[in-house]
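Reading through the structure tokens given below for one structure.
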Amino acid sequence: MKKIVLSLLTLTALLHASYQKAQSYYDNKEYKAALKEAKASTDEYENPKLHLVWARSAEALGLSNEAMSAYERVVMLDENDSSSRMALLKIYKDTDRGELASELGKELQNYNLTPAQRNSLKMLTKENSNSLKAKASISLGHDSNINVSADGGRLDDYYGSIGSNGEKETLFARMNAEISYINELGSKGGWYLRSDAKLYYQNNFDASFYNLFVGDVSAGIGYARSRYTLYLPVDLSYVNYLEVSLLTQVNLQPRINISLSKNFILNLNVKYSNRDYGEANYKGMSDSSYGGGVGIYYLFSKNYLYATALYEDFSSTEAIHYSYIDKSMLTFTTGINYELSSWLTGKLDYRFRQGSYDDSSDLLHSSTEKRQDNYNQVELKLSHFFTKHYELYFSDRYGNNSSNYVPGEYTKNIAMFGLSANY
């Protein structure tokens with residue numbers, strides 16, 4: 001009977017053990033109680049924050065080996081926790097584990113992600129989500145078809161003319177910058193505010209008519225729990241292109257990220273967009289769209305795999321409008337970001353987009369067949385982080401659009417070298 005009672009008491013203690021209690025003990029400097037509570041919190045062993053309290057409590061008690069093991073579990077569960085990696089690096093150095101310290105030092109570099117992506121990931125994994133992420137890059141490259149045109153000979157045959165220009169190639173310089181900020185409104189695991197901004201400019205050496213400037217700002221409110229984050233942003237974009245203030249665009253895209261496990265993240269989103277072309281010559285291109293998408297991300301070590309799908313339906317907002325505005329688009333993407341060595345990271349991305357139009361495939365010749373487009377794109381990027389924050393990269397992107405509408409057929413290749421800074 002005594003054994004049964006003791007077993008029941010032990011089981012009750014385990015059921016009520018929790019990360020929050022361990023954290024509370026640690027905050028009150030009751031390190032032995034915090035360590036005991038962390039060990040008993042078996043239901044939360046998948047939570048990296050539990051092992052972080054475990055590590056810090058053991059460290060405060062001078063238990064180096066136990067702290068080291070706990071920090072190792074933290075970085076296994078949360079690959080992006082640089083502070084735990086730094087703490088672990090210090091223990092390796094203090095305990096004369098030179099090889100481990102050297103290997104870990106090489107790993108202390110950023111994921112090859114945008115600031116917004118890094119903040120999204122951080123919301124699911126980090127202990128403190130008040131953060132500012134930024135990235136800036138400059139690059140030089142070559143575009144084989146800056147005007148996104150079909151072959152000149154094919155255009156001559158289609159229009160019954162001679163001397164169609166076709167593709168135009170150019171060298172270019174590109175500059176872009178991104179910044180993302182998250183501020184929690186209260187304690188961890190509740191409401192937060194987020195804002196993002198992007199600037200993009202491309203100067204084409206041999207085709208200035210196609211110089212492009214894009215400015216984008218977004219802001220929204222979100223809600224975070226241990227296994228999911230909800231974000232409700234409003235996004236505003238401005239585009240200067242073809243030597244005019246071409247358009248403004250407003251997007252509403254609520255989305256939710258769900259941590260299915262320590263390795264898998266599921267993204268669900270819906271989208272509404274409105275594009276307004278201000279210039280009279282392009283006013284007939286104004287449209288609105290709605291859609292929805294899903295994505296799955298698998299994170300392993302410093303690498304990740306992803307696959308996404310997005311459906312969008314576009315409708316003209318003008319009574320008199322251009323052709324090929326009313327359409328639906330279905331886009332699939334998949335890819336991998338992989339650390340090839342301690343100094344080289346590779347990213348391979350494949351994209352397929354199918355477009356179905358309400359208009360005929362051949363308005364010029366009064367065809368009754370609806371236009372259909374199939375776009376395939378492959379992109380390879382190789383990156384070398386020569387310091388923790390600075391990256392040299394090369395990328396090559398090839399795209400091919402096949403269509404039963406001849407002027408819509410084209411191929412395009414963009415190759416470039418660049419330098420970026422990530423903070």
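Labeling convention for the structure tokens: chains A, B, ... as they appear, residues from 1 per chain, ligands from 1 in order of appearance.
When DSSP is run on the backbone, the residues of segment 149-382 of chain A that fall into helix (DSSP H, G or I) are A:Gly152, A:Gly153, A:Arg154, A:Leu155, A:Asp156, A:Asp157, A:Tyr158, A:Tyr159, A:Ser208, A:Phe209, A:Tyr210, A:Ala280, A:Asn281, A:Tyr282, A:Lys283, A:Gly284, A:Met285, A:Leu363, A:Leu364, A:His365.
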Output of the above residues as a PDB file, in the first residue's frame, restricted to N, CA, C and O atoms:
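And here is the file that came out, out.pdb:
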ATOM      1  N   GLY A 152      11.737  37.385 -81.683  1.00  0.00           N
ATOM      2  CA  GLY A 152      11.365  38.327 -82.730  1.00  0.00           C
ATOM      3  C   GLY A 152      10.783  37.656 -83.965  1.00  0.00           C
ATOM      4  O   GLY A 152       9.814  38.139 -84.563  1.00  0.00           O
ATOM      5  N   GLY A 153      11.380  36.529 -84.382  1.00  0.00           N
ATOM      6  CA  GLY A 153      10.865  35.812 -85.552  1.00  0.00           C
ATOM      7  C   GLY A 153       9.459  35.294 -85.332  1.00  0.00           C
ATOM      8  O   GLY A 153       8.605  35.360 -86.230  1.00  0.00           O
ATOM      9  N   ARG A 154       9.211  34.779 -84.140  1.00  0.00           N
ATOM     10  CA  ARG A 154       7.863  34.286 -83.804  1.00  0.00           C
ATOM     11  C   ARG A 154       6.857  35.424 -83.814  1.00  0.00           C
ATOM     12  O   ARG A 154       5.715  35.267 -84.273  1.00  0.00           O
ATOM     13  N   LEU A 155       7.273  36.595 -83.349  1.00  0.00           N
ATOM     14  CA  LEU A 155       6.368  37.750 -83.357  1.00  0.00           C
ATOM     15  C   LEU A 155       6.085  38.220 -84.783  1.00  0.00           C
ATOM     16  O   LEU A 155       4.949  38.607 -85.108  1.00  0.00           O
ATOM     17  N   ASP A 156       7.107  38.179 -85.649  1.00  0.00           N
ATOM     18  CA  ASP A 156       6.890  38.545 -87.052  1.00  0.00           C
ATOM     19  C   ASP A 156       5.848  37.634 -87.692  1.00  0.00           C
ATOM     20  O   ASP A 156       4.946  38.087 -88.421  1.00  0.00           O
ATOM     21  N   ASP A 157       5.968  36.326 -87.456  1.00  0.00           N
ATOM     22  CA  ASP A 157       5.007  35.373 -88.018  1.00  0.00           C
ATOM     23  C   ASP A 157       3.605  35.625 -87.481  1.00  0.00           C
ATOM     24  O   ASP A 157       2.611  35.540 -88.219  1.00  0.00           O
ATOM     25  N   TYR A 158       3.512  35.954 -86.199  1.00  0.00           N
ATOM     26  CA  TYR A 158       2.199  36.146 -85.573  1.00  0.00           C
ATOM     27  C   TYR A 158       1.523  37.413 -86.086  1.00  0.00           C
ATOM     28  O   TYR A 158       0.336  37.397 -86.436  1.00  0.00           O
ATOM     29  N   TYR A 159       2.278  38.516 -86.138  1.00  0.00           N
ATOM     30  CA  TYR A 159       1.691  39.788 -86.537  1.00  0.00           C
ATOM     31  C   TYR A 159       1.710  40.011 -88.053  1.00  0.00           C
ATOM     32  O   TYR A 159       1.104  40.959 -88.553  1.00  0.00           O
ATOM     33  N   SER A 208      17.354  51.432 -69.956  1.00  0.00           N
ATOM     34  CA  SER A 208      16.893  52.264 -68.839  1.00  0.00           C
ATOM     35  C   SER A 208      15.370  52.363 -68.775  1.00  0.00           C
ATOM     36  O   SER A 208      14.813  52.649 -67.708  1.00  0.00           O
ATOM     37  N   PHE A 209      14.691  52.139 -69.902  1.00  0.00           N
ATOM     38  CA  PHE A 209      13.225  52.187 -69.908  1.00  0.00           C
ATOM     39  C   PHE A 209      12.632  51.171 -68.927  1.00  0.00           C
ATOM     40  O   PHE A 209      11.542  51.371 -68.401  1.00  0.00           O
ATOM     41  N   TYR A 210      13.388  50.099 -68.668  1.00  0.00           N
ATOM     42  CA  TYR A 210      12.897  49.048 -67.780  1.00  0.00           C
ATOM     43  C   TYR A 210      13.502  49.120 -66.381  1.00  0.00           C
ATOM     44  O   TYR A 210      13.415  48.139 -65.619  1.00  0.00           O
ATOM     45  N   ALA A 280      -2.883  56.938 -67.126  1.00  0.00           N
ATOM     46  CA  ALA A 280      -4.028  56.718 -68.008  1.00  0.00           C
ATOM     47  C   ALA A 280      -3.772  55.585 -68.999  1.00  0.00           C
ATOM     48  O   ALA A 280      -4.665  54.783 -69.296  1.00  0.00           O
ATOM     49  N   ASN A 281      -2.523  55.496 -69.509  1.00  0.00           N
ATOM     50  CA  ASN A 281      -2.202  54.472 -70.509  1.00  0.00           C
ATOM     51  C   ASN A 281      -2.298  53.055 -69.952  1.00  0.00           C
ATOM     52  O   ASN A 281      -2.473  52.099 -70.717  1.00  0.00           O
ATOM     53  N   TYR A 282      -2.163  52.923 -68.636  1.00  0.00           N
ATOM     54  CA  TYR A 282      -2.153  51.592 -68.028  1.00  0.00           C
ATOM     55  C   TYR A 282      -3.359  51.357 -67.110  1.00  0.00           C
ATOM     56  O   TYR A 282      -3.442  50.304 -66.479  1.00  0.00           O
ATOM     57  N   LYS A 283      -4.272  52.308 -67.043  1.00  0.00           N
ATOM     58  CA  LYS A 283      -5.394  52.203 -66.107  1.00  0.00           C
ATOM     59  C   LYS A 283      -6.195  50.920 -66.326  1.00  0.00           C
ATOM     60  O   LYS A 283      -6.719  50.327 -65.378  1.00  0.00           O
ATOM     61  N   GLY A 284      -6.304  50.494 -67.575  1.00  0.00           N
ATOM     62  CA  GLY A 284      -7.067  49.291 -67.891  1.00  0.00           C
ATOM     63  C   GLY A 284      -6.456  48.007 -67.377  1.00  0.00           C
ATOM     64  O   GLY A 284      -7.038  46.927 -67.550  1.00  0.00           O
ATOM     65  N   MET A 285      -5.277  48.084 -66.743  1.00  0.00           N
ATOM     66  CA  MET A 285      -4.649  46.897 -66.166  1.00  0.00           C
ATOM     67  C   MET A 285      -4.995  46.718 -64.689  1.00  0.00           C
ATOM     68  O   MET A 285      -4.613  45.704 -64.081  1.00  0.00           O
ATOM     69  N   LEU A 363      -6.614  36.677 -79.845  1.00  0.00           N
ATOM     70  CA  LEU A 363      -7.592  37.732 -80.118  1.00  0.00           C
ATOM     71  C   LEU A 363      -7.429  38.299 -81.523  1.00  0.00           C
ATOM     72  O   LEU A 363      -8.401  38.697 -82.161  1.00  0.00           O
ATOM     73  N   LEU A 364      -6.188  38.322 -82.001  1.00  0.00           N
ATOM     74  CA  LEU A 364      -5.913  38.906 -83.310  1.00  0.00           C
ATOM     75  C   LEU A 364      -6.607  38.132 -84.427  1.00  0.00           C
ATOM     76  O   LEU A 364      -7.079  38.708 -85.407  1.00  0.00           O
ATOM     77  N   HIS A 365      -6.674  36.801 -84.265  1.00  0.00           N
ATOM     78  CA  HIS A 365      -7.243  35.965 -85.312  1.00  0.00           C
ATOM     79  C   HIS A 365      -8.564  35.332 -84.885  1.00  0.00           C
ATOM     80  O   HIS A 365      -9.000  34.338 -85.478  1.00  0.00           O
TER      81      HIS A 365
END
Residues within 6 Å of Tyr272 of chain A, only C-alpha atoms, excluding chain neighbours under 6 positions, as a PyMOL selection string:
chain A and resi 251-252+289-290
Fewer than 4 positions away in the same chain doesn't count, so skip those; otherwise give me all residues within 9 Å of Asp358 of chain A, counting only C-alpha atoms, as a list in words. Ser323, Tyr324, Ile325, Asp326, Lys327, Ser328, Lys370 and Arg371 of chain A
Suppose we keep N, CA and C atoms; can you now write the selection as a compact mmCIF listing (two decimals), in the first residue's frame?
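Written file, selection-v2.txt:
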# COMPACT_ATOMS: atom_id res chain seq x y z
N SER A 323 -6.90 43.16 -72.26
CA SER A 323 -7.13 41.72 -72.35
C SER A 323 -6.24 41.00 -71.34
N TYR A 324 -6.61 39.79 -71.01
CA TYR A 324 -5.83 38.90 -70.16
C TYR A 324 -5.68 39.40 -68.72
N ILE A 325 -6.64 40.18 -68.27
CA ILE A 325 -6.66 40.61 -66.86
C ILE A 325 -7.43 39.61 -66.01
N ASP A 326 -8.57 39.14 -66.51
CA ASP A 326 -9.37 38.16 -65.78
C ASP A 326 -8.76 36.77 -65.97
N LYS A 327 -8.30 36.21 -64.87
CA LYS A 327 -7.57 34.93 -64.96
C LYS A 327 -7.49 34.29 -63.59
N SER A 328 -7.03 33.04 -63.56
CA SER A 328 -6.71 32.36 -62.31
C SER A 328 -5.29 31.80 -62.42
N LYS A 370 -9.43 29.22 -75.24
CA LYS A 370 -8.99 30.05 -74.11
C LYS A 370 -7.48 29.99 -73.96
N ARG A 371 -6.90 31.11 -73.54
CA ARG A 371 -5.46 31.14 -73.33
C ARG A 371 -5.08 30.32 -72.11
Review point. Leaving out Ser420 of chain A and any residue of its chain fewer than 3 positions from it, which residues lie within 9 Å of it when counting only C-alpha atoms, given as a ChimeraX atom specification?
Key: /A:135-139,389-393
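When only C-alpha atoms are used to compute distances to Glu184 of chain A, the closest of the residues A:Arg397, A:Ser131, A:Leu171, A:Leu199 turns out to be A:Ser131.
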Which of these, A:Tyr19, A:Trp54, A:Phe386, A:Tyr338, has the shortest distance to Tyr31 of chain A once you count only C-alpha atoms?
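Checking each of A:Tyr19, A:Trp54, A:Phe386, A:Tyr338 against Tyr31 of chain A, counting only C-alpha atoms, the winner is A:Trp54.
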Using only C-alpha atoms, the shortest atom-to-atom distance to Asn401 of chain A among A:His51, A:Arg85, A:Arg351, A:Arg73 belongs to A:Arg351
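Computed from the coordinates, the atom CA of Leu89 of chain A to atom CA of Lys388 of chain A distance equals 15.1 Å.
When atom CA of Lys49 of chain A is paired with atom CA of Leu77 of chain A, their separation reads 9.4 Å.
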Residues near Gly355 of chain A, anyone? I mean within 10 Å using only C-alpha atoms, not counting same-chain ones fewer than 5 positions away, as an mmCIF file with C-alpha atoms, in the first residue's frame.
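Output file part.cif is given in full below:
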data_model
loop_
_atom_site.group_PDB
_atom_site.id
_atom_site.type_symbol
_atom_site.label_atom_id
_atom_site.label_comp_id
_atom_site.auth_asym_id
_atom_site.auth_seq_id
_atom_site.Cartn_x
_atom_site.Cartn_y
_atom_site.Cartn_z
ATOM 1 C CA GLU A 312 -5.241 33.245 -56.953
ATOM 2 C CA ASP A 313 -8.210 34.534 -58.936
ATOM 3 C CA LYS A 327 -7.574 34.934 -64.962
ATOM 4 C CA SER A 328 -6.709 32.364 -62.306
ATOM 5 C CA MET A 329 -3.200 31.311 -61.256
ATOM 6 C CA LEU A 330 -2.068 28.153 -59.483
ATOM 7 C CA THR A 331 1.548 28.199 -58.284
ATOM 8 C CA ARG A 371 -5.464 31.143 -73.333
ATOM 9 C CA GLN A 372 -3.420 28.774 -71.149
ATOM 10 C CA ASP A 373 0.116 29.429 -69.819
ATOM 11 C CA ASN A 374 2.557 27.078 -68.111
ATOM 12 C CA TYR A 375 5.565 28.702 -66.476
ATOM 13 C CA SER A 403 1.550 29.436 -74.018
#
Using only C-alpha atoms, the shortest atom-to-atom distance to Thr229 of chain A among A:Tyr423, A:Tyr322, A:Trp191, A:Tyr304 belongs to A:Trp191
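Of note, atom CA of Ala307 of chain A and atom CA of Glu339 of chain A are spaced 18.6 Å apart.
Proximity to Met76 of chain A was assessed for A:Pro48, A:Pro254, A:Gly62, A:Gly160 counting only C-alpha atoms; the smallest distance is recorded for A:Pro48.
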Among segment 221-414 of chain A, which ones does DSSP place in strand (DSSP E or B), written as a PyMOL selection string?
-> chain A and resi 221-224+228-241+244-252+255-259+264-277+287-300+303-316+327-339+345-360+370-385+390-403+410-414
